[in-house]
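Structure data (mmCIF, N, CA, C and O atoms) from protein_8.cif:
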```
data_final
loop_
_atom_site.label_atom_id
_atom_site.label_comp_id
_atom_site.auth_asym_id
_atom_site.auth_seq_id
_atom_site.Cartn_x
_atom_site.Cartn_y
_atom_site.Cartn_z
N MET A 4 53.89 38.50 94.18
CA MET A 4 54.69 37.94 93.11
C MET A 4 56.15 38.33 93.35
O MET A 4 56.45 39.46 93.67
N PHE A 5 57.03 37.40 93.16
CA PHE A 5 58.45 37.64 93.34
C PHE A 5 59.17 37.50 92.01
O PHE A 5 58.82 36.66 91.18
N PHE A 6 60.14 38.32 91.82
CA PHE A 6 60.96 38.25 90.62
C PHE A 6 62.39 37.96 91.03
O PHE A 6 62.87 38.49 92.02
N PHE A 7 63.02 37.13 90.27
CA PHE A 7 64.40 36.76 90.54
C PHE A 7 65.27 37.29 89.41
O PHE A 7 64.80 37.49 88.30
N SER A 8 66.54 37.52 89.70
CA SER A 8 67.42 38.15 88.70
C SER A 8 67.45 37.37 87.39
O SER A 8 67.61 37.97 86.33
N ASP A 9 67.29 36.07 87.42
CA ASP A 9 67.30 35.30 86.17
C ASP A 9 65.99 35.42 85.40
O ASP A 9 65.87 34.92 84.28
N GLN A 10 64.99 36.10 85.97
CA GLN A 10 63.69 36.28 85.30
C GLN A 10 63.51 37.69 84.74
O GLN A 10 62.52 37.96 84.07
N ARG A 11 64.42 38.58 85.00
CA ARG A 11 64.22 39.96 84.56
C ARG A 11 64.68 40.16 83.12
O ARG A 11 65.51 39.41 82.60
N PHE A 12 64.13 41.20 82.51
CA PHE A 12 64.51 41.57 81.16
C PHE A 12 65.88 42.23 81.18
O PHE A 12 66.25 42.89 82.14
N THR A 13 66.58 42.13 80.06
CA THR A 13 67.75 42.96 79.86
C THR A 13 67.23 44.36 79.54
O THR A 13 66.04 44.55 79.25
N ARG A 14 68.08 45.33 79.53
CA ARG A 14 67.65 46.69 79.17
C ARG A 14 67.13 46.72 77.74
O ARG A 14 66.14 47.38 77.44
N GLN A 15 67.80 46.02 76.86
CA GLN A 15 67.37 45.97 75.46
C GLN A 15 65.98 45.34 75.34
O GLN A 15 65.13 45.85 74.61
N GLN A 16 65.75 44.26 76.05
CA GLN A 16 64.43 43.62 76.01
C GLN A 16 63.34 44.55 76.55
O GLN A 16 62.24 44.61 75.99
N ALA A 17 63.64 45.27 77.62
CA ALA A 17 62.66 46.20 78.18
C ALA A 17 62.35 47.31 77.19
O ALA A 17 61.18 47.67 76.99
N LEU A 18 63.37 47.86 76.55
CA LEU A 18 63.16 48.92 75.56
C LEU A 18 62.32 48.41 74.40
O LEU A 18 61.37 49.08 73.98
N GLU A 19 62.63 47.24 73.90
CA GLU A 19 61.86 46.67 72.79
C GLU A 19 60.41 46.39 73.19
O GLU A 19 59.50 46.52 72.37
N THR A 20 60.18 46.01 74.44
CA THR A 20 58.83 45.74 74.91
C THR A 20 57.96 46.99 74.82
O THR A 20 56.78 46.92 74.46
N TYR A 21 58.53 48.14 75.12
CA TYR A 21 57.77 49.40 75.09
C TYR A 21 57.78 50.10 73.74
O TYR A 21 57.11 51.11 73.57
N THR A 22 58.54 49.58 72.79
CA THR A 22 58.63 50.25 71.49
C THR A 22 58.15 49.34 70.37
O THR A 22 56.97 49.27 70.08
N ILE A 23 59.06 48.63 69.74
CA ILE A 23 58.71 47.85 68.55
C ILE A 23 57.75 46.71 68.86
O ILE A 23 56.84 46.44 68.07
N ASN A 24 57.89 46.05 70.00
CA ASN A 24 56.98 44.94 70.31
C ASN A 24 55.55 45.43 70.54
O ASN A 24 54.59 44.79 70.12
N LYS A 25 55.42 46.57 71.20
CA LYS A 25 54.10 47.15 71.43
C LYS A 25 53.45 47.56 70.11
O LYS A 25 52.26 47.33 69.88
N ALA A 26 54.24 48.17 69.22
CA ALA A 26 53.72 48.56 67.90
C ALA A 26 53.31 47.33 67.11
O ALA A 26 52.26 47.32 66.45
N TYR A 27 54.10 46.28 67.17
CA TYR A 27 53.79 45.04 66.45
C TYR A 27 52.48 44.43 66.96
O TYR A 27 51.64 44.00 66.18
N ALA A 28 52.31 44.42 68.28
CA ALA A 28 51.10 43.84 68.87
C ALA A 28 49.85 44.62 68.46
O ALA A 28 48.76 44.05 68.38
N ALA A 29 50.01 45.91 68.18
CA ALA A 29 48.88 46.75 67.76
C ALA A 29 48.76 46.83 66.23
O ALA A 29 47.97 47.62 65.71
N PHE A 30 49.57 46.03 65.51
CA PHE A 30 49.59 46.05 64.05
C PHE A 30 49.94 47.44 63.53
O PHE A 30 49.43 47.89 62.50
N GLU A 31 50.83 48.16 64.23
CA GLU A 31 51.22 49.52 63.84
C GLU A 31 52.72 49.64 63.61
O GLU A 31 53.26 50.75 63.60
N GLU A 32 53.41 48.53 63.41
CA GLU A 32 54.86 48.57 63.26
C GLU A 32 55.31 49.33 62.01
O GLU A 32 56.46 49.73 61.91
N ASP A 33 54.39 49.57 61.07
CA ASP A 33 54.75 50.34 59.88
C ASP A 33 54.79 51.84 60.15
O ASP A 33 55.37 52.59 59.37
N ILE A 34 54.19 52.28 61.27
CA ILE A 34 54.20 53.72 61.59
C ILE A 34 54.75 54.03 62.97
O ILE A 34 54.98 55.19 63.30
N LYS A 35 54.97 53.02 63.81
CA LYS A 35 55.43 53.23 65.18
C LYS A 35 56.48 52.19 65.55
O LYS A 35 56.67 51.21 64.86
N GLY A 36 57.13 52.41 66.69
CA GLY A 36 57.98 51.38 67.28
C GLY A 36 59.46 51.53 67.06
O GLY A 36 60.26 50.92 67.76
N SER A 37 59.87 52.34 66.09
CA SER A 37 61.30 52.56 65.84
C SER A 37 61.46 53.93 65.18
O SER A 37 60.51 54.48 64.63
N LEU A 38 62.67 54.46 65.28
CA LEU A 38 62.95 55.76 64.67
C LEU A 38 63.46 55.55 63.25
O LEU A 38 64.61 55.20 63.02
N GLU A 39 62.56 55.74 62.31
CA GLU A 39 62.87 55.55 60.89
C GLU A 39 62.12 56.60 60.08
O GLU A 39 61.06 57.08 60.50
N PRO A 40 62.66 56.96 58.91
CA PRO A 40 61.95 57.92 58.05
C PRO A 40 60.53 57.42 57.75
O PRO A 40 60.32 56.24 57.47
N GLY A 41 59.57 58.33 57.88
CA GLY A 41 58.18 58.00 57.59
C GLY A 41 57.37 57.53 58.78
O GLY A 41 56.16 57.41 58.69
N LYS A 42 58.05 57.27 59.91
CA LYS A 42 57.31 56.84 61.11
C LYS A 42 57.05 58.05 62.00
O LYS A 42 57.61 59.13 61.80
N LEU A 43 56.19 57.88 62.99
CA LEU A 43 55.75 59.00 63.82
C LEU A 43 56.83 59.60 64.70
O LEU A 43 56.77 60.77 65.04
N ALA A 44 57.81 58.83 65.10
CA ALA A 44 58.95 59.31 65.88
C ALA A 44 58.56 59.97 67.20
O ALA A 44 59.11 60.98 67.59
N ASP A 45 57.59 59.40 67.89
CA ASP A 45 57.28 59.84 69.25
C ASP A 45 58.44 59.38 70.14
O ASP A 45 58.77 58.19 70.15
N ILE A 46 59.08 60.32 70.84
CA ILE A 46 60.25 59.96 71.64
C ILE A 46 60.24 60.65 72.98
O ILE A 46 59.60 61.69 73.16
N THR A 47 60.96 60.07 73.91
CA THR A 47 61.22 60.68 75.21
C THR A 47 62.73 60.73 75.39
O THR A 47 63.42 59.75 75.12
N VAL A 48 63.24 61.87 75.82
CA VAL A 48 64.67 62.06 76.06
C VAL A 48 64.88 62.13 77.56
O VAL A 48 64.20 62.89 78.25
N PHE A 49 65.83 61.35 78.05
CA PHE A 49 66.13 61.28 79.47
C PHE A 49 67.43 62.02 79.78
O PHE A 49 68.25 62.26 78.90
N SER A 50 67.63 62.31 81.05
CA SER A 50 68.83 63.03 81.49
C SER A 50 70.08 62.18 81.45
O SER A 50 71.19 62.71 81.49
N LYS A 51 69.93 60.86 81.36
CA LYS A 51 71.06 59.94 81.29
C LYS A 51 70.74 58.86 80.27
O LYS A 51 69.58 58.59 79.99
N ASP A 52 71.76 58.23 79.75
CA ASP A 52 71.57 57.12 78.80
C ASP A 52 71.25 55.87 79.60
O ASP A 52 72.13 55.23 80.16
N ILE A 53 69.98 55.51 79.65
CA ILE A 53 69.54 54.39 80.49
C ILE A 53 70.05 53.04 79.98
O ILE A 53 69.95 52.04 80.69
N MET A 54 70.60 53.02 78.79
CA MET A 54 71.15 51.77 78.26
C MET A 54 72.58 51.52 78.73
O MET A 54 73.06 50.40 78.64
N THR A 55 73.26 52.56 79.23
CA THR A 55 74.68 52.40 79.57
C THR A 55 75.05 52.79 81.00
O THR A 55 76.12 52.42 81.46
N ILE A 56 74.19 53.55 81.68
CA ILE A 56 74.54 53.98 83.04
C ILE A 56 74.52 52.78 84.00
O ILE A 56 73.88 51.78 83.72
N PRO A 57 75.18 52.91 85.14
CA PRO A 57 75.10 51.84 86.14
C PRO A 57 73.64 51.61 86.55
O PRO A 57 72.83 52.55 86.61
N GLU A 58 73.31 50.38 86.81
CA GLU A 58 71.93 50.00 87.13
C GLU A 58 71.34 50.81 88.27
O GLU A 58 70.17 51.19 88.23
N ASP A 59 72.14 51.12 89.27
CA ASP A 59 71.61 51.85 90.42
C ASP A 59 71.30 53.32 90.13
O ASP A 59 70.73 54.01 90.97
N GLU A 60 71.63 53.81 88.94
CA GLU A 60 71.32 55.20 88.57
C GLU A 60 70.04 55.32 87.74
O GLU A 60 69.56 56.42 87.50
N ILE A 61 69.50 54.21 87.30
CA ILE A 61 68.34 54.26 86.41
C ILE A 61 67.16 54.98 87.06
O ILE A 61 66.53 55.83 86.45
N LEU A 62 66.85 54.66 88.30
CA LEU A 62 65.68 55.27 88.95
C LEU A 62 65.85 56.76 89.22
O LEU A 62 64.86 57.47 89.39
N SER A 63 67.07 57.27 89.22
CA SER A 63 67.28 58.71 89.43
C SER A 63 67.32 59.49 88.12
O SER A 63 67.46 60.71 88.12
N THR A 64 67.15 58.80 87.01
CA THR A 64 67.14 59.45 85.71
C THR A 64 65.84 60.22 85.54
O THR A 64 64.77 59.76 85.92
N GLU A 65 65.94 61.42 84.98
CA GLU A 65 64.76 62.27 84.81
C GLU A 65 64.40 62.42 83.34
O GLU A 65 65.26 62.36 82.46
N MET A 66 63.13 62.64 83.09
CA MET A 66 62.66 62.92 81.74
C MET A 66 62.98 64.38 81.43
O MET A 66 62.65 65.27 82.22
N VAL A 67 63.62 64.63 80.30
CA VAL A 67 63.98 65.99 79.90
C VAL A 67 62.92 66.57 78.97
O VAL A 67 62.46 67.69 79.17
N TYR A 68 62.54 65.81 77.96
CA TYR A 68 61.42 66.23 77.12
C TYR A 68 60.81 65.05 76.39
O TYR A 68 61.42 64.00 76.26
N THR A 69 59.58 65.26 75.93
CA THR A 69 58.84 64.24 75.18
C THR A 69 58.26 64.90 73.93
O THR A 69 57.70 65.99 74.00
N ILE A 70 58.42 64.21 72.81
CA ILE A 70 57.86 64.67 71.54
C ILE A 70 56.82 63.66 71.09
O ILE A 70 57.09 62.46 71.02
N ILE A 71 55.61 64.14 70.80
CA ILE A 71 54.53 63.28 70.31
C ILE A 71 53.93 63.96 69.09
O ILE A 71 53.55 65.13 69.15
N GLY A 72 53.86 63.23 68.02
CA GLY A 72 53.30 63.79 66.79
C GLY A 72 54.04 64.99 66.28
O GLY A 72 53.46 65.88 65.67
N GLY A 73 55.34 65.05 66.54
CA GLY A 73 56.16 66.16 66.08
C GLY A 73 56.11 67.39 66.96
O GLY A 73 56.74 68.39 66.65
N ASN A 74 55.36 67.34 68.05
CA ASN A 74 55.24 68.48 68.96
C ASN A 74 55.80 68.14 70.33
O ASN A 74 55.55 67.05 70.85
N VAL A 75 56.53 69.08 70.91
CA VAL A 75 57.03 68.88 72.27
C VAL A 75 55.84 68.94 73.22
O VAL A 75 55.15 69.96 73.31
N LYS A 76 55.57 67.84 73.90
CA LYS A 76 54.44 67.76 74.83
C LYS A 76 54.87 67.95 76.28
O LYS A 76 54.06 68.25 77.14
N TYR A 77 56.16 67.71 76.54
CA TYR A 77 56.69 67.93 77.89
C TYR A 77 58.10 68.46 77.75
O TYR A 77 58.89 67.96 76.97
N LEU A 78 58.41 69.48 78.53
CA LEU A 78 59.75 70.05 78.56
C LEU A 78 60.06 70.39 80.01
O LEU A 78 59.34 71.20 80.62
N LYS A 79 61.06 69.73 80.56
CA LYS A 79 61.42 70.00 81.95
C LYS A 79 61.94 71.44 82.06
O LYS A 79 62.77 71.86 81.27
N THR A 80 61.43 72.15 83.03
CA THR A 80 61.88 73.51 83.26
C THR A 80 62.65 73.58 84.58
O THR A 80 62.47 72.75 85.45
N GLY A 81 63.50 74.57 84.69
CA GLY A 81 64.31 74.70 85.91
C GLY A 81 65.44 73.71 85.95
O GLY A 81 65.79 73.07 84.98
N SER A 82 66.04 73.59 87.15
CA SER A 82 67.14 72.63 87.27
C SER A 82 66.98 71.75 88.47
O SER A 82 66.11 71.77 89.20
#
```
Hey, can you dump this file as structure tokens for me?
Amino acid sequence: MFFFSDQRFTRQQALETYTINKAYAAFEEDIKGSLEPGKLADITVFSKDIMTIPEDEILSTEMVYTIIGGNVKYLKTGS
């Protein structure tokens, strides 16, 4: 399968696909999919802002920590 630049998602579309759209498809948009009071707020924090960095830096971005159910499930150690 080949993908062409006019067929790819924007960064915003990709983010929505993994967040609010996924929650909507699972009928869970009332508790998941966005950061709002009363929702689960499962999040991943990256070493760079993937929405604003140059495209060629996205793949070198690292996961710093992940919170699931209010608990830190992953925390990068070292440097």
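Between atom N of Glu65 in chain A and atom C of Leu18 in chain A lies a distance of 17.2 Å.
Note that the spacing between atom C of Ala44 in chain A and atom N of Arg11 in chain A amounts to 28.4 Å.
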Open item on the list: For the structure I just gave you, how does DSSP split chain A - specifically, which residues are strand (DSSP E or B)? Reply as a PyMOL selection string.
Closed with: chain A and resi 46-49+66-71+74-78
Open item on the list: Since I can't run it myself right now, could you work out what the PyMOL selection byres ((chain A and resi 78) around 8) selects here and report it as a list of chain:residue names?
Closed with: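 Evaluating the PyMOL selection byres ((chain A and resi 78) around 8) on this file yields A:Met66, A:Val67, A:Tyr68, A:Thr69, A:Ile70, A:Val75, A:Lys76, A:Tyr77, A:Lys79, A:Thr80, A:Gly81.
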As lines of an AutoDock Vina configuration file, what would the box around range 34-38 of chain A look like: edges along x, y and z, 4 Å added on every side, centre and edge lengths in Å to one decimal?
```
center_x = 59.4
center_y = 53.3
center_z = 64.5
size_x = 18.4
size_y = 12.8
size_z = 14.5
```
Task: 12 Å contact set for Thr13 in chain A, only C-alpha atoms, chain neighbours under 6 positions out, as an NGL selection string - done: :A and (19-20 or 53-55 or 58)
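CA of Phe49 in chain A to CA of Ile23 in chain A spans 18.8 Å [interatomic distance, one decimal].
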Identify, on the basis of only C-alpha atoms, every residue whose closest approach to Gly36 in chain A does not exceed 9 Å; exclude the query and any residue fewer than 3 positions from it along the same chain; express the result as a PDB file with N, CA, C and O atoms, in the frame of the given file.
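Dumped everything to part.pdb:
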```pdb
ATOM      1  N   GLU A  19      62.630  47.240  73.900  1.00  0.00           N
ATOM      2  CA  GLU A  19      61.860  46.670  72.790  1.00  0.00           C
ATOM      3  C   GLU A  19      60.410  46.390  73.190  1.00  0.00           C
ATOM      4  O   GLU A  19      59.500  46.520  72.370  1.00  0.00           O
ATOM      5  N   TYR A  21      58.530  48.140  75.120  1.00  0.00           N
ATOM      6  CA  TYR A  21      57.770  49.400  75.090  1.00  0.00           C
ATOM      7  C   TYR A  21      57.780  50.100  73.740  1.00  0.00           C
ATOM      8  O   TYR A  21      57.110  51.110  73.570  1.00  0.00           O
ATOM      9  N   THR A  22      58.540  49.580  72.790  1.00  0.00           N
ATOM     10  CA  THR A  22      58.630  50.250  71.490  1.00  0.00           C
ATOM     11  C   THR A  22      58.150  49.340  70.370  1.00  0.00           C
ATOM     12  O   THR A  22      56.970  49.270  70.080  1.00  0.00           O
ATOM     13  N   ILE A  23      59.060  48.630  69.740  1.00  0.00           N
ATOM     14  CA  ILE A  23      58.710  47.850  68.550  1.00  0.00           C
ATOM     15  C   ILE A  23      57.750  46.710  68.860  1.00  0.00           C
ATOM     16  O   ILE A  23      56.840  46.440  68.070  1.00  0.00           O
ATOM     17  N   ASN A  24      57.890  46.050  70.000  1.00  0.00           N
ATOM     18  CA  ASN A  24      56.980  44.940  70.310  1.00  0.00           C
ATOM     19  C   ASN A  24      55.550  45.430  70.540  1.00  0.00           C
ATOM     20  O   ASN A  24      54.590  44.790  70.120  1.00  0.00           O
ATOM     21  N   LYS A  25      55.420  46.570  71.200  1.00  0.00           N
ATOM     22  CA  LYS A  25      54.100  47.150  71.430  1.00  0.00           C
ATOM     23  C   LYS A  25      53.450  47.560  70.110  1.00  0.00           C
ATOM     24  O   LYS A  25      52.260  47.330  69.880  1.00  0.00           O
ATOM     25  N   ALA A  26      54.240  48.170  69.220  1.00  0.00           N
ATOM     26  CA  ALA A  26      53.720  48.560  67.900  1.00  0.00           C
ATOM     27  C   ALA A  26      53.310  47.330  67.110  1.00  0.00           C
ATOM     28  O   ALA A  26      52.260  47.320  66.450  1.00  0.00           O
ATOM     29  N   TYR A  27      54.100  46.280  67.170  1.00  0.00           N
ATOM     30  CA  TYR A  27      53.790  45.040  66.450  1.00  0.00           C
ATOM     31  C   TYR A  27      52.480  44.430  66.960  1.00  0.00           C
ATOM     32  O   TYR A  27      51.640  44.000  66.180  1.00  0.00           O
ATOM     33  N   GLU A  31      50.830  48.160  64.230  1.00  0.00           N
ATOM     34  CA  GLU A  31      51.220  49.520  63.840  1.00  0.00           C
ATOM     35  C   GLU A  31      52.720  49.640  63.610  1.00  0.00           C
ATOM     36  O   GLU A  31      53.260  50.750  63.600  1.00  0.00           O
ATOM     37  N   GLU A  32      53.410  48.530  63.410  1.00  0.00           N
ATOM     38  CA  GLU A  32      54.860  48.570  63.260  1.00  0.00           C
ATOM     39  C   GLU A  32      55.310  49.330  62.010  1.00  0.00           C
ATOM     40  O   GLU A  32      56.460  49.730  61.910  1.00  0.00           O
ATOM     41  N   ASP A  33      54.390  49.570  61.070  1.00  0.00           N
ATOM     42  CA  ASP A  33      54.750  50.340  59.880  1.00  0.00           C
ATOM     43  C   ASP A  33      54.790  51.840  60.150  1.00  0.00           C
ATOM     44  O   ASP A  33      55.370  52.590  59.370  1.00  0.00           O
ATOM     45  N   LYS A  42      58.050  57.270  59.910  1.00  0.00           N
ATOM     46  CA  LYS A  42      57.310  56.840  61.110  1.00  0.00           C
ATOM     47  C   LYS A  42      57.050  58.050  62.000  1.00  0.00           C
ATOM     48  O   LYS A  42      57.610  59.130  61.800  1.00  0.00           O
ATOM     49  N   LEU A  43      56.190  57.880  62.990  1.00  0.00           N
ATOM     50  CA  LEU A  43      55.750  59.000  63.820  1.00  0.00           C
ATOM     51  C   LEU A  43      56.830  59.600  64.700  1.00  0.00           C
ATOM     52  O   LEU A  43      56.770  60.770  65.040  1.00  0.00           O
ATOM     53  N   ALA A  44      57.810  58.830  65.100  1.00  0.00           N
ATOM     54  CA  ALA A  44      58.950  59.310  65.880  1.00  0.00           C
ATOM     55  C   ALA A  44      58.560  59.970  67.200  1.00  0.00           C
ATOM     56  O   ALA A  44      59.110  60.980  67.590  1.00  0.00           O
ATOM     57  N   ASP A  45      57.590  59.400  67.890  1.00  0.00           N
ATOM     58  CA  ASP A  45      57.280  59.840  69.250  1.00  0.00           C
ATOM     59  C   ASP A  45      58.440  59.380  70.140  1.00  0.00           C
ATOM     60  O   ASP A  45      58.770  58.190  70.150  1.00  0.00           O
TER      61      ASP A  45
END
```
Residues within 8 Å of Ile61 in chain A, only N, CA, C and O atoms, excluding chain neighbours under 5 positions, as a PDB file with N, CA, C and O atoms, in the coordinates of the input:
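So the final result, stored in selection27.pdb, reads:
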```pdb
ATOM      1  N   LYS A  51      69.930  60.860  81.360  1.00  0.00           N
ATOM      2  CA  LYS A  51      71.060  59.940  81.290  1.00  0.00           C
ATOM      3  C   LYS A  51      70.740  58.860  80.270  1.00  0.00           C
ATOM      4  O   LYS A  51      69.580  58.590  79.990  1.00  0.00           O
ATOM      5  N   ASP A  52      71.760  58.230  79.750  1.00  0.00           N
ATOM      6  CA  ASP A  52      71.570  57.120  78.800  1.00  0.00           C
ATOM      7  C   ASP A  52      71.250  55.870  79.600  1.00  0.00           C
ATOM      8  O   ASP A  52      72.130  55.230  80.160  1.00  0.00           O
ATOM      9  N   ILE A  53      69.980  55.510  79.650  1.00  0.00           N
ATOM     10  CA  ILE A  53      69.540  54.390  80.490  1.00  0.00           C
ATOM     11  C   ILE A  53      70.050  53.040  79.980  1.00  0.00           C
ATOM     12  O   ILE A  53      69.950  52.040  80.690  1.00  0.00           O
ATOM     13  N   ILE A  56      74.190  53.550  81.680  1.00  0.00           N
ATOM     14  CA  ILE A  56      74.540  53.980  83.040  1.00  0.00           C
ATOM     15  C   ILE A  56      74.520  52.780  84.000  1.00  0.00           C
ATOM     16  O   ILE A  56      73.880  51.780  83.720  1.00  0.00           O
TER      17      ILE A  56
END
```
